[in-house]
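Shown below: structure08.cif, with mmCIF, C-alpha atoms.
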```cif
data_work
#
loop_
_atom_site.label_atom_id
_atom_site.label_comp_id
_atom_site.auth_asym_id
_atom_site.auth_seq_id
_atom_site.Cartn_x
_atom_site.Cartn_y
_atom_site.Cartn_z
CA MET A 172 -55.23 24.89 -57.62
CA THR A 173 -53.04 23.04 -55.12
CA LYS A 174 -54.29 23.06 -51.55
CA LEU A 175 -51.69 23.41 -48.85
CA THR A 176 -52.28 22.18 -45.33
CA SER A 177 -51.91 24.50 -42.37
CA ARG A 178 -48.76 22.66 -41.25
CA GLN A 179 -47.20 23.05 -44.68
CA VAL A 180 -47.90 26.80 -44.71
CA VAL A 181 -46.33 27.22 -41.26
CA LEU A 182 -43.22 25.28 -42.28
CA ILE A 183 -42.90 27.08 -45.61
CA GLY A 184 -43.16 30.44 -43.85
CA ALA A 185 -40.64 29.44 -41.21
CA LEU A 186 -38.19 28.23 -43.87
CA PHE A 187 -38.66 31.45 -45.84
CA ALA A 188 -37.65 33.40 -42.75
CA ILE A 189 -34.92 31.31 -41.16
CA THR A 190 -32.77 29.59 -43.82
CA ASP A 191 -30.50 32.39 -44.97
CA ALA A 192 -30.76 34.34 -41.71
CA THR A 193 -28.39 31.74 -40.26
CA THR A 194 -25.45 32.91 -42.38
CA SER A 195 -23.04 35.85 -42.02
CA VAL A 196 -25.77 38.31 -40.97
CA GLN A 197 -25.65 36.70 -37.52
CA ALA A 198 -22.18 38.18 -36.96
CA GLN A 199 -23.48 41.65 -37.71
CA VAL A 200 -26.51 41.27 -35.46
CA ALA A 201 -24.23 40.09 -32.64
CA SER A 202 -21.90 43.04 -33.17
CA PHE A 203 -24.82 45.50 -32.98
CA ALA A 204 -27.00 44.00 -30.25
CA ARG A 205 -24.20 42.18 -28.36
CA GLN A 206 -25.48 40.17 -25.38
CA HIS A 207 -29.08 41.37 -25.97
CA ILE A 208 -29.37 39.58 -29.30
CA CYS A 209 -32.57 37.83 -28.15
CA VAL A 210 -34.42 41.18 -28.00
CA VAL A 211 -33.70 41.66 -31.71
CA PHE A 212 -35.70 38.56 -32.60
CA LEU A 213 -38.62 39.63 -30.40
CA ILE A 214 -38.74 43.00 -32.20
CA THR A 215 -38.53 41.29 -35.60
CA PHE A 216 -41.32 38.90 -34.65
CA ALA A 217 -43.63 41.70 -33.53
CA VAL A 218 -42.91 44.00 -36.47
CA LEU A 219 -43.41 41.41 -39.19
CA LEU A 220 -46.83 40.44 -37.89
CA ILE A 221 -48.15 43.71 -39.35
CA PRO A 222 -47.55 42.95 -43.07
CA LEU A 223 -48.59 39.34 -42.49
CA TRP A 224 -51.90 40.51 -41.02
CA MET A 225 -52.47 42.94 -43.90
CA LEU A 226 -51.72 40.30 -46.54
CA SER A 227 -53.96 37.75 -44.81
CA ARG A 228 -56.84 40.28 -44.91
CA VAL A 229 -56.20 40.95 -48.61
CA SER A 230 -56.06 37.20 -49.30
CA LYS A 231 -59.43 36.67 -47.58
CA ARG A 232 -61.09 39.19 -49.91
CA PHE A 233 -60.32 36.99 -52.93
CA PRO A 234 -61.47 33.48 -52.03
CA ARG A 235 -60.86 31.92 -55.45
CA GLN A 236 -57.69 33.75 -56.46
CA ASP A 237 -54.09 34.22 -55.44
CA LEU A 238 -52.73 37.70 -54.77
CA PHE A 239 -51.08 38.06 -58.20
CA GLN A 240 -54.36 37.11 -59.88
CA ALA A 241 -56.32 39.56 -57.76
CA LEU A 242 -53.87 42.33 -58.62
CA ALA A 243 -53.97 41.64 -62.36
CA GLU A 244 -57.79 41.54 -62.42
CA ARG A 245 -58.56 44.54 -60.22
CA HIS A 246 -55.94 46.87 -61.71
CA PRO A 247 -54.85 45.53 -65.12
CA VAL A 248 -52.03 48.04 -65.69
CA MET A 249 -50.85 49.07 -62.22
CA GLY A 250 -51.48 45.56 -60.91
CA ARG A 251 -49.19 44.08 -63.54
CA ALA A 252 -46.56 46.70 -62.76
CA VAL A 253 -46.67 45.66 -59.08
CA ILE A 254 -46.45 41.98 -60.11
CA LEU A 255 -43.36 42.79 -62.19
CA LEU A 256 -41.78 44.57 -59.22
CA TYR A 257 -42.51 41.58 -56.99
CA ILE A 258 -40.98 39.27 -59.63
CA LEU A 259 -37.82 41.41 -59.49
CA TYR A 260 -37.91 41.28 -55.69
CA PHE A 261 -38.14 37.49 -55.65
CA LEU A 262 -35.40 37.34 -58.30
CA TRP A 263 -33.23 39.44 -56.00
CA VAL A 264 -34.04 37.23 -52.99
CA ALA A 265 -33.32 34.04 -54.95
CA ALA A 266 -30.09 35.47 -56.43
CA ARG A 267 -28.94 36.45 -52.93
CA ASP A 268 -29.76 32.99 -51.55
CA VAL A 269 -28.00 31.24 -54.43
CA ARG A 270 -24.90 33.40 -54.11
CA LEU A 271 -24.82 33.17 -50.30
CA THR A 272 -25.01 29.38 -50.47
CA GLY A 273 -22.40 29.21 -53.24
CA ASP A 274 -19.98 31.46 -51.34
CA PHE A 275 -20.62 29.62 -48.08
CA PHE A 276 -19.78 26.21 -49.55
CA ASN A 277 -16.83 27.69 -51.40
CA ILE A 278 -15.38 29.12 -48.19
CA THR A 279 -16.14 26.27 -45.79
CA LEU A 280 -16.40 22.87 -47.46
CA LEU A 281 -15.78 22.81 -51.20
CA THR A 282 -12.81 25.15 -51.46
CA ARG A 283 -11.52 23.73 -54.74
CA THR A 284 -14.91 23.57 -56.44
CA PRO A 285 -15.73 26.70 -58.50
CA VAL A 286 -18.65 28.75 -57.14
CA GLY A 287 -20.32 28.38 -60.54
CA VAL A 288 -20.58 24.61 -60.10
CA THR A 289 -22.07 24.85 -56.59
CA THR A 290 -24.50 27.50 -57.81
CA ALA A 291 -25.54 25.46 -60.85
CA VAL A 292 -26.13 22.36 -58.70
CA ASN A 293 -28.24 24.38 -56.25
CA ILE A 294 -30.39 25.87 -58.99
CA LEU A 295 -30.72 22.54 -60.79
CA ALA A 296 -31.91 20.93 -57.55
CA ALA A 297 -34.52 23.67 -57.14
CA VAL A 298 -35.64 23.24 -60.77
CA THR A 299 -36.05 19.49 -60.22
CA LEU A 300 -38.34 20.22 -57.29
CA VAL A 301 -40.43 22.93 -58.98
CA ARG A 302 -40.74 21.81 -62.60
CA PRO A 303 -42.62 18.48 -62.35
CA ALA A 304 -45.48 19.41 -60.05
CA GLY A 305 -45.06 23.02 -58.94
CA ILE A 306 -45.79 23.73 -55.31
CA LYS A 307 -46.89 20.17 -54.42
CA VAL A 308 -43.43 18.56 -54.40
CA LEU A 309 -41.85 21.64 -52.79
CA ALA A 310 -44.37 21.65 -49.95
CA ARG A 311 -43.82 17.97 -49.25
CA SER A 312 -40.03 18.42 -49.31
CA THR A 313 -40.45 21.29 -46.87
CA GLU A 314 -42.45 19.04 -44.54
CA LEU A 315 -39.55 16.61 -44.47
CA TYR A 316 -36.52 18.88 -44.36
CA GLY A 317 -38.13 21.80 -42.51
CA THR A 318 -39.11 19.46 -39.70
CA ALA A 319 -35.58 18.01 -39.67
CA LEU A 320 -34.07 21.52 -39.51
CA PHE A 321 -36.19 22.49 -36.52
CA LEU A 322 -35.47 19.18 -34.79
CA ILE A 323 -31.76 19.94 -34.99
CA ILE A 324 -32.21 22.96 -32.69
CA PRO A 325 -32.95 21.00 -29.46
CA LEU A 326 -30.24 18.54 -30.47
CA VAL A 327 -27.66 21.34 -30.72
CA PHE A 328 -28.86 22.68 -27.37
CA ILE A 329 -28.34 19.29 -25.68
CA ALA A 330 -24.96 18.76 -27.32
CA LEU A 331 -23.64 22.23 -26.44
CA PHE A 332 -25.12 22.56 -22.96
CA LYS A 333 -21.92 21.57 -21.13
CA ASP A 334 -19.93 24.23 -23.05
CA LEU A 335 -22.24 27.16 -22.35
CA ASP A 336 -20.78 30.03 -20.37
CA PHE A 337 -23.53 32.24 -18.96
CA SER A 338 -21.06 34.98 -18.04
CA PHE A 339 -21.07 35.91 -21.76
CA MET A 340 -24.54 37.37 -21.13
CA LEU A 341 -23.17 39.97 -18.73
CA PRO A 342 -23.56 42.87 -18.15
CA LEU A 343 -27.29 42.37 -18.53
CA ALA A 344 -28.22 45.89 -17.48
CA ASP A 345 -25.94 47.53 -20.09
CA PHE A 346 -28.71 47.78 -22.66
CA ASP A 347 -27.80 49.53 -25.91
CA VAL A 348 -31.14 50.54 -27.44
CA VAL A 349 -29.61 51.88 -30.66
CA GLY A 350 -27.51 48.75 -31.12
CA VAL A 351 -30.52 46.49 -30.63
CA LEU A 352 -32.56 48.54 -33.13
CA GLU A 353 -29.69 48.41 -35.64
CA GLY A 354 -29.56 44.64 -35.19
CA ALA A 355 -33.31 44.45 -35.79
CA TRP A 356 -32.90 46.64 -38.90
CA VAL A 357 -30.44 44.13 -40.38
CA ILE A 358 -32.18 40.86 -39.51
CA THR A 359 -35.79 41.92 -40.21
CA ALA A 360 -34.97 42.18 -43.91
CA TYR A 361 -34.03 38.50 -43.94
CA PHE A 362 -37.07 37.45 -41.91
CA GLY A 363 -39.25 39.66 -44.11
CA ASP A 364 -38.98 37.17 -46.96
CA ILE A 365 -41.79 35.41 -45.09
CA ILE A 366 -44.31 37.60 -46.95
CA GLY A 367 -43.74 35.19 -49.86
CA ILE A 368 -46.16 32.71 -48.27
CA ALA A 369 -49.05 35.12 -48.82
CA PHE A 370 -48.37 34.90 -52.57
CA ILE A 371 -47.87 31.13 -52.54
CA VAL A 372 -51.07 30.23 -50.71
CA SER A 373 -53.95 30.73 -53.10
CA GLY A 374 -57.73 30.74 -52.89
CA GLY A 375 -58.02 33.03 -49.87
CA GLU A 376 -56.59 30.33 -47.64
CA PHE A 377 -53.71 32.28 -46.18
CA ARG A 378 -54.67 32.76 -42.54
CA PHE A 379 -52.98 35.16 -40.17
CA ARG A 380 -52.79 32.35 -37.61
CA ASP A 381 -50.48 30.36 -39.94
CA GLY A 382 -48.29 33.41 -40.53
CA PHE A 383 -48.14 34.02 -36.79
CA TRP A 384 -46.99 30.46 -36.03
CA ALA A 385 -44.51 30.52 -38.92
CA MET A 386 -42.95 33.71 -37.55
CA ALA A 387 -43.03 32.32 -34.00
CA LEU A 388 -41.30 29.12 -35.11
CA ALA A 389 -38.65 30.96 -37.15
CA SER A 390 -37.87 33.70 -34.65
CA GLY A 391 -38.03 31.29 -31.69
CA GLY A 392 -35.70 28.83 -33.43
CA LEU A 393 -33.19 31.46 -34.45
CA LEU A 394 -33.37 33.11 -31.03
CA ILE A 395 -32.35 29.84 -29.37
CA ILE A 396 -29.57 29.15 -31.87
CA SER A 397 -28.19 32.70 -31.66
CA MET A 398 -28.27 32.64 -27.88
CA LEU A 399 -26.41 29.32 -27.93
CA SER A 400 -23.86 30.92 -30.21
CA VAL A 401 -23.42 33.90 -27.86
CA LEU A 402 -23.15 31.61 -24.83
CA SER A 403 -20.66 29.25 -26.41
CA LEU A 404 -18.50 31.63 -28.49
CA GLY A 405 -19.04 34.98 -26.79
CA VAL A 406 -20.00 38.24 -28.53
CA PRO A 407 -16.47 39.46 -29.45
CA VAL A 408 -15.59 36.17 -31.15
CA MET A 409 -19.01 35.69 -32.73
CA SER A 410 -19.07 39.15 -34.28
CA THR A 411 -15.69 38.67 -35.97
CA MET A 412 -16.61 35.37 -37.64
CA THR A 413 -17.97 35.07 -41.14
CA PHE A 414 -20.33 32.20 -40.31
CA PRO A 415 -20.68 32.11 -36.50
CA LEU A 416 -23.48 29.52 -36.36
CA TYR A 417 -21.45 27.15 -38.52
CA GLU A 418 -18.44 27.61 -36.24
CA MET A 419 -20.64 26.93 -33.24
CA VAL A 420 -21.92 23.66 -34.71
CA ARG A 421 -18.32 22.71 -35.55
CA GLN A 422 -17.55 22.80 -31.83
CA ILE A 423 -19.92 19.92 -31.20
CA ARG A 424 -18.28 16.54 -30.70
CA ILE A 425 -20.66 13.69 -29.92
CA THR A 426 -18.12 10.93 -29.28
CA ASP A 427 -15.75 9.80 -32.04
CA PHE A 428 -18.69 8.54 -34.00
CA LEU A 429 -20.07 12.03 -34.70
CA ASP A 430 -17.04 14.26 -34.46
CA ARG A 431 -18.11 16.06 -37.63
CA PHE A 432 -21.64 16.83 -36.54
CA GLU A 433 -21.72 19.87 -38.83
CA LEU A 434 -21.95 17.71 -41.94
CA PRO A 435 -25.43 16.24 -41.28
CA VAL A 436 -26.57 19.68 -40.09
CA LEU A 437 -25.29 21.29 -43.29
CA ALA A 438 -26.91 18.57 -45.37
CA VAL A 439 -30.32 19.42 -43.91
CA TRP A 440 -29.71 23.19 -44.11
CA ALA A 441 -28.60 22.97 -47.75
CA THR A 442 -31.79 21.12 -48.66
CA THR A 443 -33.94 23.72 -46.95
CA ILE A 444 -32.19 26.53 -48.82
CA VAL A 445 -32.78 24.65 -52.08
CA CYS A 446 -36.46 24.56 -51.09
CA LYS A 447 -36.38 28.32 -50.48
CA ILE A 448 -34.77 28.96 -53.87
CA GLY A 449 -37.49 26.71 -55.30
CA TYR A 450 -40.21 28.86 -53.72
CA SER A 451 -38.74 32.04 -55.15
CA LEU A 452 -38.49 30.34 -58.55
CA TYR A 453 -42.11 29.21 -58.26
CA LEU A 454 -43.25 32.72 -57.32
CA MET A 455 -41.44 34.27 -60.29
CA CYS A 456 -43.04 31.76 -62.69
CA LEU A 457 -46.46 32.33 -61.08
CA GLY A 458 -45.99 36.07 -61.45
CA PHE A 459 -45.21 35.73 -65.17
CA LYS A 460 -48.20 33.41 -65.57
CA ARG A 461 -50.54 35.98 -64.02
CA MET A 462 -49.02 38.86 -65.99
CA ILE A 463 -49.43 37.14 -69.35
CA PRO A 464 -52.72 35.22 -69.47
CA GLY A 465 -52.38 31.65 -70.73
CA LEU A 466 -48.61 31.54 -70.30
CA PRO A 467 -47.65 28.04 -69.06
CA GLY A 468 -45.85 28.58 -65.73
CA GLN A 469 -44.21 25.15 -65.85
CA ARG A 470 -42.36 26.04 -69.06
CA MET A 471 -41.07 29.24 -67.51
CA VAL A 472 -39.10 27.37 -64.83
CA PHE A 473 -36.00 26.65 -66.92
CA PRO A 474 -35.63 30.12 -68.52
CA VAL A 475 -36.20 31.81 -65.16
CA ALA A 476 -33.68 29.47 -63.52
CA LEU A 477 -31.04 30.41 -66.09
CA LEU A 478 -31.82 34.09 -65.58
CA LEU A 479 -31.41 33.50 -61.84
CA PHE A 480 -28.04 31.82 -62.43
CA SER A 481 -26.62 34.72 -64.42
CA CYS A 482 -28.12 37.34 -62.09
CA SER A 483 -26.65 35.68 -59.00
CA PHE A 484 -23.19 36.47 -60.40
CA TRP A 485 -24.00 39.79 -62.02
CA PHE A 486 -25.85 41.42 -59.09
CA PHE A 487 -23.09 41.11 -56.46
CA GLU A 488 -19.43 41.93 -56.86
CA ASN A 489 -18.01 39.58 -54.22
CA ALA A 490 -18.73 37.78 -50.95
CA VAL A 491 -17.49 40.70 -48.80
CA ASP A 492 -19.84 43.09 -50.61
CA MET A 493 -22.72 40.80 -49.74
CA ILE A 494 -21.91 41.15 -46.05
CA HIS A 495 -21.75 44.96 -46.24
CA MET A 496 -25.02 45.01 -48.16
CA ASN A 497 -26.87 43.67 -45.15
CA LEU A 498 -26.74 47.21 -43.76
CA THR A 499 -28.12 49.11 -46.74
CA MET A 500 -30.29 46.66 -48.63
CA PRO A 501 -33.02 46.47 -45.94
CA LEU A 502 -34.05 49.95 -47.13
CA MET A 503 -35.03 48.46 -50.52
CA GLU A 504 -36.42 45.25 -49.08
CA TYR A 505 -38.72 47.02 -46.64
CA VAL A 506 -40.47 48.63 -49.62
CA PHE A 507 -41.66 45.15 -50.64
CA GLN A 508 -42.07 43.79 -47.13
CA PHE A 509 -43.93 46.69 -45.49
CA LEU A 510 -44.88 49.42 -47.96
CA PHE A 511 -46.34 47.28 -50.75
CA PRO A 512 -48.43 45.07 -48.41
CA ALA A 513 -49.93 48.32 -47.03
CA VAL A 514 -50.56 49.55 -50.58
CA LEU A 515 -52.18 46.22 -51.52
CA PHE A 516 -54.27 46.34 -48.34
CA LEU A 517 -55.71 49.69 -49.43
CA ALA A 518 -55.72 49.23 -53.22
CA LEU A 519 -57.51 45.88 -53.06
CA TRP A 520 -60.25 47.17 -50.75
CA PRO A 521 -63.50 45.22 -51.34
CA LYS A 522 -65.91 46.81 -53.82
CA ARG A 523 -69.44 47.67 -52.78
CA GLU A 524 -72.21 45.68 -54.53
CA GLY A 525 -73.51 48.87 -56.20
CA GLY A 526 -70.13 49.60 -57.78
CA GLY A 527 -68.79 52.25 -55.37
CA GLU A 528 -66.08 51.77 -52.75
CA SER A 529 -67.19 50.65 -49.28
CA ARG A 530 -65.52 51.00 -45.92
CA GLY A 531 -65.98 47.40 -44.79
CA MET B 116 -12.19 30.13 -70.42
CA ILE B 117 -14.70 32.63 -71.79
CA VAL B 118 -15.58 30.30 -74.67
CA ARG B 119 -16.05 27.39 -72.25
CA ASP B 120 -18.33 29.42 -69.92
CA LEU B 121 -20.40 30.75 -72.80
CA GLY B 122 -20.53 27.33 -74.46
CA LEU B 123 -21.84 25.67 -71.31
CA PHE B 124 -24.48 28.36 -70.94
CA VAL B 125 -25.63 27.95 -74.55
CA LEU B 126 -25.74 24.20 -73.92
CA ALA B 127 -27.99 24.77 -70.91
CA ILE B 128 -30.30 26.94 -73.03
CA ALA B 129 -30.43 24.21 -75.68
CA ALA B 130 -31.30 21.66 -72.99
CA GLY B 131 -34.07 23.94 -71.71
CA LEU B 132 -35.51 24.43 -75.18
CA LEU B 133 -35.37 20.68 -75.78
CA LEU B 134 -37.16 19.94 -72.51
CA ASP B 135 -39.98 22.38 -73.28
CA ARG B 136 -40.18 21.72 -77.02
CA LYS B 137 -43.77 20.42 -76.98
CA LYS B 138 -47.19 21.87 -76.22
CA TRP B 139 -46.53 25.58 -76.73
CA ARG B 140 -50.08 26.86 -77.34
CA LYS B 141 -48.99 30.23 -78.66
CA TRP B 142 -45.86 31.37 -80.45
CA SER B 143 -45.87 34.52 -78.35
CA HIS B 144 -45.42 32.39 -75.22
CA PHE B 145 -42.50 30.57 -76.80
CA GLY B 146 -41.12 33.96 -77.84
CA PHE B 147 -41.37 35.17 -74.24
CA ALA B 148 -39.39 32.15 -73.02
CA CYS B 149 -36.77 32.83 -75.73
CA ALA B 150 -36.60 36.48 -74.63
CA LEU B 151 -35.85 35.34 -71.06
CA TYR B 152 -33.13 33.02 -72.37
CA ALA B 153 -31.71 35.90 -74.41
CA ILE B 154 -31.63 38.22 -71.37
CA ALA B 155 -29.96 35.51 -69.29
CA LEU B 156 -27.35 34.88 -72.00
CA THR B 157 -26.65 38.61 -72.44
CA ILE B 158 -26.10 39.05 -68.69
CA TRP B 159 -23.88 35.98 -68.54
CA ALA B 160 -21.87 37.08 -71.58
CA TYR B 161 -21.41 40.54 -70.03
CA HIS B 162 -20.32 38.92 -66.76
CA VAL B 163 -17.75 36.54 -68.24
CA GLN B 164 -16.39 38.83 -70.94
CA SER B 165 -15.92 42.12 -69.16
CA GLY B 166 -15.17 40.74 -65.72
CA ALA B 167 -18.41 42.65 -65.05
CA ALA B 168 -17.52 46.26 -64.39
CA LEU B 169 -21.03 47.07 -63.16
CA HIS B 170 -22.80 45.07 -60.48
CA PRO B 171 -26.24 46.66 -60.03
CA VAL B 172 -26.92 45.64 -56.40
CA SER B 173 -23.37 46.44 -55.30
CA GLU B 174 -23.64 49.86 -56.96
CA LEU B 175 -27.00 50.48 -55.28
CA HIS B 176 -25.38 49.56 -51.97
CA ARG B 177 -22.64 52.13 -52.54
CA VAL B 178 -25.19 54.84 -53.32
CA LEU B 179 -27.35 54.07 -50.27
CA ASP B 180 -24.33 53.70 -48.01
CA ARG B 181 -23.69 57.46 -48.17
CA PHE B 182 -27.12 58.32 -46.84
CA LEU B 183 -27.67 55.72 -44.12
CA PRO B 184 -26.49 56.60 -40.63
CA ILE B 185 -26.08 52.94 -39.64
CA GLY B 186 -22.52 52.07 -38.55
CA ASP B 187 -20.21 49.76 -40.45
CA GLN B 188 -19.95 47.15 -37.70
CA SER B 189 -19.57 44.13 -39.88
CA ILE B 190 -17.23 41.21 -39.43
CA LEU B 191 -14.57 43.46 -40.93
CA GLY B 192 -15.45 46.34 -38.65
CA LYS B 193 -15.44 47.15 -34.97
CA ASP B 194 -12.61 45.93 -32.78
CA PHE B 195 -13.69 45.04 -29.23
#
```
Would you put the structure from the file into structure tokens?
Amino acid sequence: MTKLTSRQVVLIGALFAITDATTSVQAQVASFARQHICVVFLITFAVLLIPLWMLSRVSKRFPRQDLFQALAERHPVMGRAVILLYILYFLWVAARDVRLTGDFFNITLLTRTPVGVTTAVNILAAVTLVRPAGIKVLARSTELYGTALFLIIPLVFIALFKDLDFSFMLPLADFDVVGVLEGAWVITAYFGDIIGIAFIVSGGEFRFRDGFWAMALASGGLLIISMLSVLSLGVPVMSTMTFPLYEMVRQIRITDFLDRFELPVLAVWATTIVCKIGYSLYLMCLGFKRMIPGLPGQRMVFPVALLLFSCSFWFFENAVDMIHMNLTMPLMEYVFQFLFPAVLFLALWPKREGGGESRG
Amino acid sequence: MIVRDLGLFVLAIAAGLLLDRKKWRKWSHFGFACALYAIALTIWAYHVQSGAALHPVSELHRVLDRFLPIGDQSILGKDF
């Protein structure tokens, strides 16, 4: 059983939440919440602490097991059914990430490269990280690239400071509650992927404190970046762009030497999204391993990766559909991010010594 | 085009089988891996051959879209 340090768990959680929330969904959040976009991230932060707390309590009840293992042992049939549903959920998350990244590179940088090639390279990179040593290599990669991603945020702030126009924040008092809540509805589904860390960290070591700091880091980071985007582009422009954060970074010119600052930023971001795909891949293999006793998880990586490749094309019709889906898909995602953690919290209640159910 | 896409996918499956050829403790486990490969190939074949008439998540989105009151303010939507 691989032990993860507290810092690794925080960074993994933050990457789970932030990486794909920086894409086109930002335009929709800006169009809903307008100049009050920062409130959206505060709501998301507060709301997602609930499932994280519940999953940390469940994890503590099984000190020598991961959540999938606990499910399969306590409820052999229903537990396995829930594991299968979570495998499908992580397949969906990974397929979305793969397709989003493929479409993004196809639209912005590699316009003549087929999406299939970009997608295959992404998945192959994730397989190379997961297959040799499971979570160990992934966690160390996250320490490197996750740290780099979060270090970029103050750098962008410094580079953009002279271009910020604080009048874009006005009128401050014109607060649209419904718009802010709609923005929170859209973005919370992306941030909600953070529940994956509760399944990754095994042996009852997932602490609520780590989940809290992961959420704080992710929502704080994205809050700053989104605010920078609003202050540099303005809400009307930001909400009509496909990738507003990318366009914001493209504005940065640090002398002639770094006039394409977006390339190093994209290089770091792409690596973090490969890490995230790797985590979803790892969770799917772990799920299969717990469902079928004795099944070698390492040998499942390649078949699952190929399944992921074909599903990333089959699931979604086109890139525009993926943007529209941000409005409706949260309904399905919240089942896994809020409802199931509550069900697990109750279904995996500790047993009393005598055999009956206790209330403690 | 279709033959090339399918051929590359079959090649990837062959590479996967070659990588994991050793140390299968049970045939049922190997069978499970093959079943996953078969599902992946079927989905891919359906996607490349039919131009994929049915996209499950897109269809689900269309169904849910009728019931959700949330506005369609996407990048293609509201004009300020």
For this session: Taking all atoms listed in the file into account, report as number ranges by chain which residues of chain A lie within 7 Å of chain B.
Result: A: 198-199, 202-203, 407, 410-413, 466, 470-471, 473-475, 477-478, 481, 485-488, 492, 495-496, 499-500
For this session: Provide the CA of Ala266 (chain A) to CA of Ala188 (chain A) distance in Å, to one decimal place.
Result: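 Going from CA of Ala266 (chain A) over to CA of Ala188 (chain A) covers 15.8 Å.
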Problem set entry | Picked residues, the PyMOL selection byres ((chain A and resi 234) around 9), expected as a ChimeraX atom specification | /A:230-233,235-237,373-376
Exercise. Using all atoms listed in the file, which of the listed residues (A:Asp430, A:Asp345, A:Glu504, A:Asp191) sits closest to Ile366 (chain A)?
Worked result: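 Between A:Asp430, A:Asp345, A:Glu504, A:Asp191, the residue approaching Ile366 (chain A) most closely is A:Glu504.
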Problem set entry | Coordinates-based distance that separates CA of Ala330 (chain A) from CA of Tyr316 (chain A) (Å, one decimal) |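 Atom-to-atom, CA of Tyr316 (chain A) to CA of Ala330 (chain A), that is 20.6 Å.
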Exercise. To one decimal place, how far is CA of Ile423 (chain A) from CA of Leu331 (chain A) in Å?
Worked result: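 That distance, rounded to one decimal, is 6.5 Å.
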Problem set entry | Which of A:Ile463, A:Ile444, A:Ala385, A:Leu238 sits closest to Ala297 (chain A) [using only C-alpha atoms] |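 Of the candidates, the smallest distance to Ala297 (chain A) is held by A:Ile444.
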Convert the output of the PyMOL selection byres ((chain A and resi 396-400) around 9) on the shown file into explicit residues, formatted as a compact mmCIF listing (two decimals) with C-alpha atoms, keeping the file's coordinate frame.
```txt
# COMPACT_ATOMS: atom_id res chain seq x y z
CA THR A 193 -28.39 31.74 -40.26
CA GLN A 197 -25.65 36.70 -37.52
CA ALA A 201 -24.23 40.09 -32.64
CA GLN A 206 -25.48 40.17 -25.38
CA HIS A 207 -29.08 41.37 -25.97
CA ILE A 208 -29.37 39.58 -29.30
CA CYS A 209 -32.57 37.83 -28.15
CA ILE A 324 -32.21 22.96 -32.69
CA VAL A 327 -27.66 21.34 -30.72
CA PHE A 328 -28.86 22.68 -27.37
CA LEU A 331 -23.64 22.23 -26.44
CA PHE A 332 -25.12 22.56 -22.96
CA LEU A 335 -22.24 27.16 -22.35
CA GLY A 391 -38.03 31.29 -31.69
CA GLY A 392 -35.70 28.83 -33.43
CA LEU A 393 -33.19 31.46 -34.45
CA LEU A 394 -33.37 33.11 -31.03
CA ILE A 395 -32.35 29.84 -29.37
CA VAL A 401 -23.42 33.90 -27.86
CA LEU A 402 -23.15 31.61 -24.83
CA SER A 403 -20.66 29.25 -26.41
CA LEU A 404 -18.50 31.63 -28.49
CA GLY A 405 -19.04 34.98 -26.79
CA VAL A 406 -20.00 38.24 -28.53
CA MET A 409 -19.01 35.69 -32.73
CA PRO A 415 -20.68 32.11 -36.50
CA LEU A 416 -23.48 29.52 -36.36
CA GLU A 418 -18.44 27.61 -36.24
CA MET A 419 -20.64 26.93 -33.24
CA VAL A 420 -21.92 23.66 -34.71
```
For this session: Step by step, work through what the PyMOL selection byres ((chain A and resi 304-310) around 9) selects in the shown file, and finish by giving those residues as a list in words.
Result: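 With the PyMOL selection byres ((chain A and resi 304-310) around 9) on this model, the match is Thr173, Lys174, Leu175, Gln179, Val180, Leu182, Ile183, Ala297, Leu300, Val301, Arg302, Pro303, Arg311, Ser312, Thr313, Glu314, Leu315, Ile371, Cys446, Lys447, Gly449, Tyr450, Tyr453, Gly468 and Gln469 of chain A.
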Please write region 124-131 of chain B of the preceding block to a file containing N, CA and C atoms, as a PDB file, in the first residue's frame?
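After the write, selection36.pdb holds the following:
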```
ATOM      1  N   PHE B 124      -6.098   0.727 -34.321  1.00  0.00           N
ATOM      2  CA  PHE B 124      -6.664   0.346 -33.024  1.00  0.00           C
ATOM      3  C   PHE B 124      -6.326  -1.115 -32.703  1.00  0.00           C
ATOM      4  N   VAL B 125      -6.452  -1.970 -33.712  1.00  0.00           N
ATOM      5  CA  VAL B 125      -6.115  -3.395 -33.512  1.00  0.00           C
ATOM      6  C   VAL B 125      -4.625  -3.524 -33.171  1.00  0.00           C
ATOM      7  N   LEU B 126      -3.815  -2.692 -33.795  1.00  0.00           N
ATOM      8  CA  LEU B 126      -2.373  -2.688 -33.510  1.00  0.00           C
ATOM      9  C   LEU B 126      -2.111  -2.293 -32.050  1.00  0.00           C
ATOM     10  N   ALA B 127      -2.865  -1.323 -31.580  1.00  0.00           N
ATOM     11  CA  ALA B 127      -2.723  -0.894 -30.172  1.00  0.00           C
ATOM     12  C   ALA B 127      -3.130  -2.023 -29.224  1.00  0.00           C
ATOM     13  N   ILE B 128      -4.190  -2.743 -29.583  1.00  0.00           N
ATOM     14  CA  ILE B 128      -4.618  -3.882 -28.753  1.00  0.00           C
ATOM     15  C   ILE B 128      -3.525  -4.944 -28.729  1.00  0.00           C
ATOM     16  N   ALA B 129      -2.952  -5.209 -29.906  1.00  0.00           N
ATOM     17  CA  ALA B 129      -1.878  -6.212 -29.992  1.00  0.00           C
ATOM     18  C   ALA B 129      -0.689  -5.794 -29.129  1.00  0.00           C
ATOM     19  N   ALA B 130      -0.364  -4.497 -29.160  1.00  0.00           N
ATOM     20  CA  ALA B 130       0.744  -3.996 -28.330  1.00  0.00           C
ATOM     21  C   ALA B 130       0.435  -4.186 -26.851  1.00  0.00           C
ATOM     22  N   GLY B 131      -0.821  -3.913 -26.476  1.00  0.00           N
ATOM     23  CA  GLY B 131      -1.239  -4.080 -25.075  1.00  0.00           C
ATOM     24  C   GLY B 131      -1.139  -5.526 -24.637  1.00  0.00           C
TER      25      GLY B 131
END
```
